[in-house]
Amino acid sequence: MTRSLALVAHEFRYCQKVFWRNPGSVFFTVLFPVVLLLIFATIFGNEPIDSLGGLTTERYYVPAIVTLAVISATFTSLGMNVTIAREAGLLKRGRGTPQPAWVFIAGRVGNSIVVSVIMVVVVTAIGAVLFGAPVPWSTLPLVAVTLVVGASAFSTLGLAVTALIPSREAAPAIVNLITLPLFFLSGVFIPENEIPEGVLSASSIFPVREFFQAFLASFDPAADGPGFPWLSLVAVAAWGLLGLLLAIRYFRWEPRR
Amino acid sequence: MTPVIAAAGVVKDFEQVRALDGLDLMVEPGEIFAVLGPNGAGKTTLLGILEGYLSRDDGAVEVLGVDPASAGSSWRQRIGIVLQETSLEPLLTVRESLELYAGYYRTPRPVDEVIEMVGLEDSAQVRAGRLSGGQQRRLDVGIAMVGNPDLLFLDEPTTGFDPSARRNAWEMIAGLRELGTTVLLTTHYMEEAATLADRVAIVVGGAVAAEGKPAALAEGLPTRIVFRVPDVVDPASIPIQSDFIVRDGILTVSIETTDPTTDLESLIAWARSNGHSLDGLEVKTPSLEDVYMELVG
């Protein structure tokens, strides 16, 4: 047990080094969400959204960008970086060492979850300082539960999607083709009062919308009516389970060459 | 001594193609063993099976006394693998890469020792992505050695190297012999096998076509005598059965012989009595390459 934990910690440490040294990771996962928060809050201004109990757009974008940042740190980042490692032969090489396979995965998922936590803190802090968005102290447990469930679910989906990606060149295209439309349709990029009701409910089939709903409610309890949308969180968890099963079934360790 | 690798009658099919067709192989402790063969002969498939990456369709395999198909983590503590394609994390330095892999093993070799062994002392703080191709391959080998393996697999370790980088790599691999590590390497450079290997197996069509010490393999093949004379010389006057080419007024004569001493004697007597000089006279003993061409060509 102690040995396993030490192995995961060792793997995690080097995943962190690699992550922070990769300009692409740092830009798209860390800087990009912050830039989007500033742009969206500026463009859409401080308008109240009636359907969300008068929540202003500036505050609306805090949980929206938190959602985006967590998905970038997990699904997008794992989908791209694990594919690149696979195509570079690093996963195959790892399989030839005594290191258990699950430790490789745990180190990378651990890295994604830690980056997610950092991003939630950063985005919340910027929202509070620049837009006066309240820090959700009283609902912190709900934020934490949403974060852990969502980050885990989008991590397994990110591992599963690598099976769909044939080469390192195809990785960004495939991953973004999946996430970008869902960000638009789920109200992450555009305030949801601007999106037709039918589109919103259709996008609820996918986990991005449900994950956002859970964050929205945990950041602004008044916004989504009474009570926390536990069903949304259950839906996210179910997607995570599906991702896990697909990853177990289809994940490849060897490059396609 | 129990062999480090014992493979008998190994068969592997990829869909309709038979990659290995009843291959036998025996590698003894401490030897450097080279597997030679043309592209597609089954070298990499063989390595994949011995390393535990691929299943086999028939035959028996034991590597370090264990069947690789069902071997676990304690077996992997004892082997090192260098894949055909260099596989490094470009954003980690040489030292960090070695430290990362050292952490996977119970009794790793000290990282500094490995850096010295692969000659990367001056690049220890350089990221792998910024190393030259030859240096990257050295790091590749270093990573495979950091777990202190009993057996090291090297799949075409010097393909694509310039001659000086290749010589450096050979020195490094020859150095492993002193450590007592058994090395199984594949290559399609004859010189590499002849320089490094204690024994060689030539794989053709998924089976071993010839096996032995590089020098012993060539025994029995004819020696070749080559020389040039002006084309006014009548080839029919040469006292020994020979092949010849005429170009630019010069007759190049090539003789295959199993008795070079006697044949040289009669050639020199013939040249003396006719007033010819044997320009560019060469006596070539059979090499591994001749054996290879005999089997593959």
# chains A, B, ... in the order shown; residues from 1 in each chain; ligands from 1
$ interface_residues --of "chain A" --to "chain B" --cutoff "8 Å" --atoms "only C-alpha atoms" --output "list in words"
Leu7, His10, Glu11, Tyr14, Lys17, Val18, Arg21, Asn22, Ala85, Ala88, Gly89, Leu90, Arg93, Gly96, Thr97, Pro98, Gln99 and Pro100 of chain A
$ residues_around --residues "Thr258 (chain B)" --least-positions-apart "6" --cutoff "8 Å" --atoms "only C-alpha atoms" --output "list of chain:residue names"
B:Gly220, B:Leu221, B:Pro222, B:Thr223
$ write_last_selection --atoms "C-alpha atoms" --output "compact mmCIF listing (two decimals), in the first residue's frame"
# COMPACT_ATOMS: atom_id res chain seq x y z
CA GLY B 220 33.53 -23.15 -45.60
CA LEU B 221 32.65 -20.24 -47.87
CA PRO B 222 35.21 -19.60 -50.64
CA THR B 223 37.94 -16.96 -50.45
$ residues_around --residues "Val94 (chain B)" --least-positions-apart "6" --cutoff "12 Å" --atoms "only C-alpha atoms" --output "ChimeraX atom specification"
/B:88,100-101,111-112,114-116,118-131,135-143
$ select_by_dssp --residues "region 48-282 of chain B" --states "helix (DSSP H, G or I)" --output "PyMOL selection string"
chain B and resi 48-51+68-70+73-76+94-102+111-117+121-123+128-130+133-145+163-179+190-196+214-218+235-237+260-274
$ write_last_selection --atoms "C-alpha atoms" --output "mmCIF file, in the first residue's frame"
data_model
loop_
_atom_site.group_PDB
_atom_site.id
_atom_site.type_symbol
_atom_site.label_atom_id
_atom_site.label_comp_id
_atom_site.auth_asym_id
_atom_site.auth_seq_id
_atom_site.Cartn_x
_atom_site.Cartn_y
_atom_site.Cartn_z
ATOM 1 C CA GLY B 48 8.140 -8.508 -29.142
ATOM 2 C CA ILE B 49 7.458 -12.102 -28.063
ATOM 3 C CA LEU B 50 10.619 -12.365 -25.960
ATOM 4 C CA GLU B 51 9.851 -9.003 -24.283
ATOM 5 C CA PRO B 68 7.197 -13.874 -21.109
ATOM 6 C CA ALA B 69 3.545 -14.308 -22.107
ATOM 7 C CA SER B 70 2.600 -14.690 -18.432
ATOM 8 C CA SER B 73 6.441 -7.330 -12.524
ATOM 9 C CA SER B 74 9.271 -9.233 -10.785
ATOM 10 C CA TRP B 75 10.401 -10.551 -14.191
ATOM 11 C CA ARG B 76 10.346 -7.009 -15.584
ATOM 12 C CA VAL B 94 18.670 13.387 -19.108
ATOM 13 C CA ARG B 95 18.998 13.133 -15.331
ATOM 14 C CA GLU B 96 15.267 13.486 -14.698
ATOM 15 C CA SER B 97 14.426 10.845 -17.307
ATOM 16 C CA LEU B 98 16.777 8.391 -15.632
ATOM 17 C CA GLU B 99 15.460 9.271 -12.161
ATOM 18 C CA LEU B 100 11.884 8.745 -13.335
ATOM 19 C CA TYR B 101 12.615 5.226 -14.579
ATOM 20 C CA ALA B 102 14.950 4.429 -11.664
ATOM 21 C CA VAL B 111 21.781 7.511 -11.972
ATOM 22 C CA ASP B 112 25.258 9.081 -12.084
ATOM 23 C CA GLU B 113 26.765 5.733 -12.957
ATOM 24 C CA VAL B 114 24.315 5.303 -15.840
ATOM 25 C CA ILE B 115 25.005 8.832 -17.141
ATOM 26 C CA GLU B 116 28.710 8.017 -17.203
ATOM 27 C CA MET B 117 28.098 4.616 -18.791
ATOM 28 C CA GLU B 121 27.974 13.600 -18.464
ATOM 29 C CA ASP B 122 28.027 16.925 -20.311
ATOM 30 C CA SER B 123 24.316 16.763 -21.171
ATOM 31 C CA ALA B 128 15.874 14.986 -24.014
ATOM 32 C CA GLY B 129 14.122 16.892 -26.817
ATOM 33 C CA ARG B 130 17.229 19.009 -27.349
ATOM 34 C CA GLY B 133 19.762 11.719 -32.424
ATOM 35 C CA GLY B 134 22.805 9.776 -31.246
ATOM 36 C CA GLN B 135 22.581 11.223 -27.737
ATOM 37 C CA GLN B 136 18.866 10.418 -27.565
ATOM 38 C CA ARG B 137 19.612 6.806 -28.424
ATOM 39 C CA ARG B 138 22.250 6.725 -25.674
ATOM 40 C CA LEU B 139 19.673 8.013 -23.205
ATOM 41 C CA ASP B 140 17.293 5.336 -24.504
ATOM 42 C CA VAL B 141 19.891 2.694 -23.654
ATOM 43 C CA GLY B 142 20.607 4.380 -20.307
ATOM 44 C CA ILE B 143 16.929 4.189 -19.350
ATOM 45 C CA ALA B 144 16.900 0.501 -20.236
ATOM 46 C CA MET B 145 20.004 -0.026 -18.063
ATOM 47 C CA PRO B 163 29.533 6.305 -38.805
ATOM 48 C CA SER B 164 31.153 8.066 -35.849
ATOM 49 C CA ALA B 165 27.976 7.961 -33.749
ATOM 50 C CA ARG B 166 27.726 4.262 -34.600
ATOM 51 C CA ARG B 167 31.298 3.601 -33.423
ATOM 52 C CA ASN B 168 30.541 5.419 -30.156
ATOM 53 C CA ALA B 169 27.401 3.339 -29.667
ATOM 54 C CA TRP B 170 29.354 0.153 -30.302
ATOM 55 C CA GLU B 171 31.877 1.084 -27.624
ATOM 56 C CA MET B 172 29.049 1.686 -25.198
ATOM 57 C CA ILE B 173 27.362 -1.639 -25.968
ATOM 58 C CA ALA B 174 30.660 -3.524 -25.805
ATOM 59 C CA GLY B 175 31.087 -1.960 -22.345
ATOM 60 C CA LEU B 176 27.955 -3.762 -21.167
ATOM 61 C CA ARG B 177 29.804 -7.053 -21.602
ATOM 62 C CA GLU B 178 32.040 -6.099 -18.674
ATOM 63 C CA LEU B 179 28.960 -5.708 -16.475
ATOM 64 C CA MET B 190 26.820 -6.831 -40.758
ATOM 65 C CA GLU B 191 29.737 -4.891 -39.356
ATOM 66 C CA GLU B 192 27.762 -4.196 -36.184
ATOM 67 C CA ALA B 193 27.077 -7.877 -35.626
ATOM 68 C CA ALA B 194 30.647 -8.882 -36.514
ATOM 69 C CA THR B 195 32.145 -6.259 -34.184
ATOM 70 C CA LEU B 196 29.876 -6.662 -31.173
ATOM 71 C CA PRO B 214 30.561 -14.543 -36.662
ATOM 72 C CA ALA B 215 33.909 -15.965 -37.817
ATOM 73 C CA ALA B 216 32.797 -19.598 -37.719
ATOM 74 C CA LEU B 217 29.702 -18.855 -39.812
ATOM 75 C CA ALA B 218 31.851 -17.826 -42.737
ATOM 76 C CA PRO B 235 41.316 -14.485 -70.184
ATOM 77 C CA ALA B 236 41.532 -18.060 -71.362
ATOM 78 C CA SER B 237 45.240 -18.082 -70.519
ATOM 79 C CA PRO B 260 43.863 -19.757 -51.850
ATOM 80 C CA THR B 261 47.502 -20.768 -51.157
ATOM 81 C CA THR B 262 47.807 -23.127 -54.129
ATOM 82 C CA ASP B 263 45.806 -20.903 -56.461
ATOM 83 C CA LEU B 264 47.794 -17.770 -55.593
ATOM 84 C CA GLU B 265 50.999 -19.688 -56.248
ATOM 85 C CA SER B 266 49.925 -20.722 -59.735
ATOM 86 C CA LEU B 267 48.547 -17.230 -60.477
ATOM 87 C CA ILE B 268 51.829 -15.595 -59.525
ATOM 88 C CA ALA B 269 53.773 -18.140 -61.592
ATOM 89 C CA TRP B 270 51.467 -17.376 -64.553
ATOM 90 C CA ALA B 271 51.936 -13.602 -64.112
ATOM 91 C CA ARG B 272 55.739 -13.917 -63.806
ATOM 92 C CA SER B 273 56.167 -16.108 -66.876
ATOM 93 C CA ASN B 274 53.898 -13.844 -69.022
#
$ residues_around --residues "Ala41 (chain B)" --least-positions-apart "4" --cutoff "9 Å" --atoms "only C-alpha atoms" --output "PyMOL selection string"
chain B and resi 19-20+36-37+45+203-207
$ closest_residue --among "A:Gly79, A:Pro207, A:Pro229, A:Gly110" --to "Val148 (chain A)" --atoms "only C-alpha atoms"
A:Gly110
$ residues_around --residues "Asp243 (chain B)" --least-positions-apart "4" --cutoff "9 Å" --atoms "only C-alpha atoms" --output "tab-separated table (two decimals) with N, CA and C atoms, in the first residue's frame"
chain	number	residue	atom	x	y	z
B	252	THR	N	39.15	-7.01	-65.21
B	252	THR	CA	39.13	-7.30	-63.78
B	252	THR	C	38.77	-8.77	-63.59
B	253	VAL	N	39.65	-9.47	-62.92
B	253	VAL	CA	39.50	-10.91	-62.76
B	253	VAL	C	39.11	-11.23	-61.32
B	254	SER	N	38.15	-12.12	-61.15
B	254	SER	CA	37.68	-12.49	-59.82
B	254	SER	C	37.63	-14.01	-59.73
B	255	ILE	N	38.25	-14.54	-58.69
B	255	ILE	CA	38.37	-16.00	-58.56
B	255	ILE	C	37.83	-16.43	-57.20
B	256	GLU	N	36.97	-17.41	-57.18
B	256	GLU	CA	36.52	-17.98	-55.90
B	256	GLU	C	37.27	-19.28	-55.67
$ residues_around --residues "region 190-198 of chain A" --least-positions-apart "4" --cutoff "8 Å" --atoms "only C-alpha atoms" --output "number ranges by chain"
A: 49, 51, 57, 60, 184-186, 202
$ write_last_selection --atoms "C-alpha atoms" --output "compact mmCIF listing (two decimals), in the first residue's frame"
# COMPACT_ATOMS: atom_id res chain seq x y z
CA ILE A 49 -30.36 37.05 -16.29
CA SER A 51 -34.36 33.06 -15.62
CA THR A 57 -23.55 37.71 -16.57
CA TYR A 60 -22.51 33.67 -14.41
CA PHE A 184 -21.48 26.69 -27.00
CA LEU A 185 -24.62 24.56 -26.75
CA SER A 186 -24.37 24.12 -22.99
CA ALA A 202 -30.87 18.61 -26.08
